[in-house]
Structure formats: structure tokens, C-alpha cells
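S.K.: Please read through the structure below; I'll follow up with questions.
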Amino acid sequence: MRAQLQRLSDLSEALLTLDTPSFVEARRVYEKEQRKRTKTPALDRGLRYERAAQAHLRLLYPHNYLPGPWFSYRLAGRSGVVNYAQPDGLLFDVRAGLITIVEIKYSHCAESYFQLVDKYLPIVSKCFGADKWSFAMLEMVKWYDRDVAYPVKVHMKKEVHKAVPNEVSVHIWHP
């Protein structure tokens with residue numbers, strides 16, 4: 001089941017949550033059962049790659065990388081409704097005042113752009129403050145195909161921490 005992409009343009013609030021939202025465990029159980037029925041080699045490869053990439057990033061940046069943080073947010077005009085989002089990770093460079101939003105994909109895809117730019121960037125910048133931090137966006141992939149239709153020019157980075165504010169970067173990592 002793919003998550004619905006939601007363009008976020010007018011947030012009234014966004015907060016980093018310390019606890020996993022209550023609905024998540026029920027959803028995990030449901031998705032695990034669904035995967036058993038519709039298990040595909042591609043899904044397995046993607047999940048294995050994401051686990052390996054998360055472990056790699058935690059090892060590389062033990063004090064600066066936050067894997068899978070949950071955010072709660074509210075849209076203006078719908079203040080009674082609480083929504084949740086979970087980027088794959090955040091890499092903090094406190095000295096530079098930079099937060100890199102990381103999205104992990106097995107293969108480069110346009111979906112990462114919409115997740116990074118339209119969803120996670122507005123939430124993370126609202127939460128941490130665009131006046132206090134700058135934000136970079138990075139897709140970490142095992143396979144990169146330059147012919148994939150992508151909304152903007154991507155900037156290839158040999159290291160995750162080299163992502164630049166206001167750009168979408170791609171980092172190729174092979175476990």
C-alpha cells in the first residue's frame with residue numbers, strides 16, 4: 001500500500017513527536033499481514049535496502065542522524081485535525097545550521113521529489129524554523145537512472161553531509 005502524497009502549503013503547526021503515534025502499531029500489523037499475501041521480491045529488496053541504509057547512516061553520523069522521526073502537523077483551517085508524517089531521516093549540522101532531510105529509495109524515482117519538497121520540507125521547516133535553520137533534501141538510492149523523469153535537476157553527492165540547502169541531491173550507496 002503506497003502512502004498518499006499530500007502537498008502541504010499552509011501549515012498552522014508542526015511538531016516533532018517523541019512517541020510513535022498510536023495508530024502505527026496497528027498499521028504495522030496490518031501491513032505485515034498484507035505483505036505476506038502480496039510479497040514481492042521488489043518490496044523485499046526495498047525494505048532490506050532501507051534497513052541497511054538506516055544502519056549505515058547511524059554508524060556514519062552517530063550523534064547527528066535521527067532515523068525515522070515522527071512529526072505531527074495541522075493544516076490552517078483544519079486545526080482540529082492532527083496529521084502525521086515520517087521522513088526516513090534527518091541529518092543535523094549544527095555548526096552550519098543545516099538540516100538534511102533524507103529519503104531512502106532502492107531506485108531513484110520522482111516520488112521522492114514530492115515527498116521531500118511537497119511534504120517533508122514544509123513540515124520540517126515549520127517545526128524547526130526557517131529563520132533558524134536551512135534545509136537540504138537528499139534521496140539516498142542504490143540505483144540511479146538519469147533518464148527517470150524528475151521535476152528538477154538533481155545534484156549528485158558523494159557524501160550525504162555534502163547536500164546543499166534548497167537543492168534536491170542524490171547520493172548513491174551500495175551496501
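Just so we're on the same page: first chain in the C-alpha cells is A, next is B, and so on; residues restart at 1 for each chain, and ligands are numbered from 1 in the order they show up.
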Write out as number ranges by chain the set of residues from stretch 4-111 of chain A that DSSP, computed on the backbone, places in strand (DSSP E).

M.R.: A: 11-17, 65-67, 70-75, 83-85, 89-93, 98-107

S.K.: Can I get the selected residues back with N, CA and C atoms, as a compact mmCIF listing (two decimals), in the first residue's frame?

M.R.:
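Final output, saved to result-v6.txt:
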# COMPACT_ATOMS: atom_id res chain seq x y z
N LEU A 11 0.66 25.30 6.70
CA LEU A 11 0.65 24.60 7.98
C LEU A 11 0.43 25.59 9.11
N SER A 12 -0.43 25.23 10.05
CA SER A 12 -0.59 26.08 11.22
C SER A 12 0.41 25.68 12.31
N GLU A 13 0.80 24.39 12.34
CA GLU A 13 1.82 23.95 13.29
C GLU A 13 2.42 22.63 12.84
N ALA A 14 3.63 22.39 13.26
CA ALA A 14 4.31 21.12 13.03
C ALA A 14 5.21 20.87 14.23
N LEU A 15 5.11 19.67 14.78
CA LEU A 15 5.86 19.34 15.98
C LEU A 15 6.56 18.00 15.82
N LEU A 16 7.78 17.91 16.30
CA LEU A 16 8.48 16.64 16.36
C LEU A 16 7.89 15.88 17.54
N THR A 17 7.43 14.66 17.32
CA THR A 17 6.81 13.90 18.41
C THR A 17 7.83 12.89 18.94
N TYR A 65 22.50 12.03 13.23
CA TYR A 65 21.45 11.47 12.38
C TYR A 65 20.29 10.96 13.23
N LEU A 66 19.10 11.39 12.86
CA LEU A 66 17.87 10.97 13.54
C LEU A 66 17.05 10.14 12.56
N PRO A 67 17.01 8.81 12.74
CA PRO A 67 16.27 7.97 11.80
C PRO A 67 14.76 7.99 12.07
N TRP A 70 9.01 11.05 13.82
CA TRP A 70 7.59 11.32 13.57
C TRP A 70 7.30 12.79 13.83
N PHE A 71 6.48 13.37 12.97
CA PHE A 71 6.01 14.75 13.13
C PHE A 71 4.49 14.73 13.16
N SER A 72 3.93 15.53 14.04
CA SER A 72 2.50 15.79 13.97
C SER A 72 2.36 17.19 13.37
N TYR A 73 1.31 17.39 12.60
CA TYR A 73 1.11 18.70 12.00
C TYR A 73 -0.37 18.97 11.78
N ARG A 74 -0.67 20.25 11.69
CA ARG A 74 -2.05 20.69 11.44
C ARG A 74 -2.03 21.66 10.27
N LEU A 75 -3.05 21.54 9.45
CA LEU A 75 -3.21 22.45 8.33
C LEU A 75 -4.06 23.63 8.76
N ASN A 83 -2.46 15.47 11.74
CA ASN A 83 -1.88 14.57 10.74
C ASN A 83 -0.48 14.18 11.19
N TYR A 84 0.04 13.12 10.60
CA TYR A 84 1.37 12.66 10.94
C TYR A 84 2.18 12.40 9.69
N ALA A 85 3.49 12.57 9.80
CA ALA A 85 4.40 12.29 8.70
C ALA A 85 5.71 11.79 9.29
N GLY A 89 14.76 10.14 7.51
CA GLY A 89 15.75 10.59 8.47
C GLY A 89 16.07 12.06 8.34
N LEU A 90 16.71 12.59 9.38
CA LEU A 90 17.19 13.97 9.40
C LEU A 90 18.66 13.94 9.82
N LEU A 91 19.48 14.66 9.08
CA LEU A 91 20.89 14.80 9.42
C LEU A 91 21.13 16.25 9.83
N PHE A 92 21.61 16.45 11.05
CA PHE A 92 21.81 17.79 11.59
C PHE A 92 23.28 18.20 11.50
N ASP A 93 23.52 19.38 10.97
CA ASP A 93 24.83 20.02 11.02
C ASP A 93 24.62 21.31 11.79
N LEU A 98 22.23 23.57 9.38
CA LEU A 98 21.64 22.86 8.25
C LEU A 98 21.02 21.54 8.70
N ILE A 99 19.80 21.30 8.24
CA ILE A 99 19.14 20.01 8.43
C ILE A 99 18.94 19.41 7.05
N THR A 100 19.47 18.21 6.85
CA THR A 100 19.27 17.49 5.59
C THR A 100 18.16 16.47 5.79
N ILE A 101 17.13 16.57 4.99
CA ILE A 101 16.02 15.63 5.02
C ILE A 101 16.39 14.48 4.08
N VAL A 102 16.40 13.27 4.61
CA VAL A 102 16.84 12.10 3.85
C VAL A 102 15.64 11.21 3.51
N GLU A 103 15.54 10.85 2.26
CA GLU A 103 14.54 9.90 1.79
C GLU A 103 15.28 8.75 1.14
N ILE A 104 15.06 7.53 1.61
CA ILE A 104 15.77 6.36 1.13
C ILE A 104 14.89 5.59 0.15
N LYS A 105 15.43 5.34 -1.03
CA LYS A 105 14.73 4.57 -2.07
C LYS A 105 15.70 3.57 -2.65
N TYR A 106 15.21 2.41 -3.03
CA TYR A 106 16.06 1.42 -3.69
C TYR A 106 16.51 1.95 -5.04
N SER A 107 15.56 2.52 -5.79
CA SER A 107 15.84 3.09 -7.11
C SER A 107 15.36 4.54 -7.13

S.K.: Tell me which of A:Leu47, A:Asn64, A:Arg58, A:Ala110 sits closest to A:Arg146, counting only C-alpha atoms.

M.R.: A:Ala110

S.K.: From the set A:Val117, A:Leu60, A:Leu8, A:Ala76, which residue has the shortest atom-to-atom contact distance to A:Phe135, counting only C-alpha atoms?

M.R.: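 Looking at the shortest contact to A:Phe135, the residue is A:Val117.
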
S.K.: Name the residues of chain A that come out as alpha helix (DSSP H) in a backbone DSSP run; write them as a PyMOL selection string.

M.R.: chain A and resi 23-38+41-60+110-113+121-128

S.K.: When you look at A:Trp173 with a cut-off of 9 Å (counting only C-alpha atoms), what residues show up, excluding the ones that are within fewer than 6 positions of it in the same chain? I need them as a list of chain:residue names.

M.R.: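 Near A:Trp173, the qualifying residues are A:Ala53, A:Met140, A:Val141, A:Lys142, A:Trp143, A:Lys158.
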
S.K.: Using only C-alpha atoms, determine which residues lie at most 9 Å from A:Pro122, disregarding the query and same-chain residues fewer than 2 positions distant; provide the list as a PyMOL selection string.

M.R.: chain A and resi 8-11+14+116-120+124-127
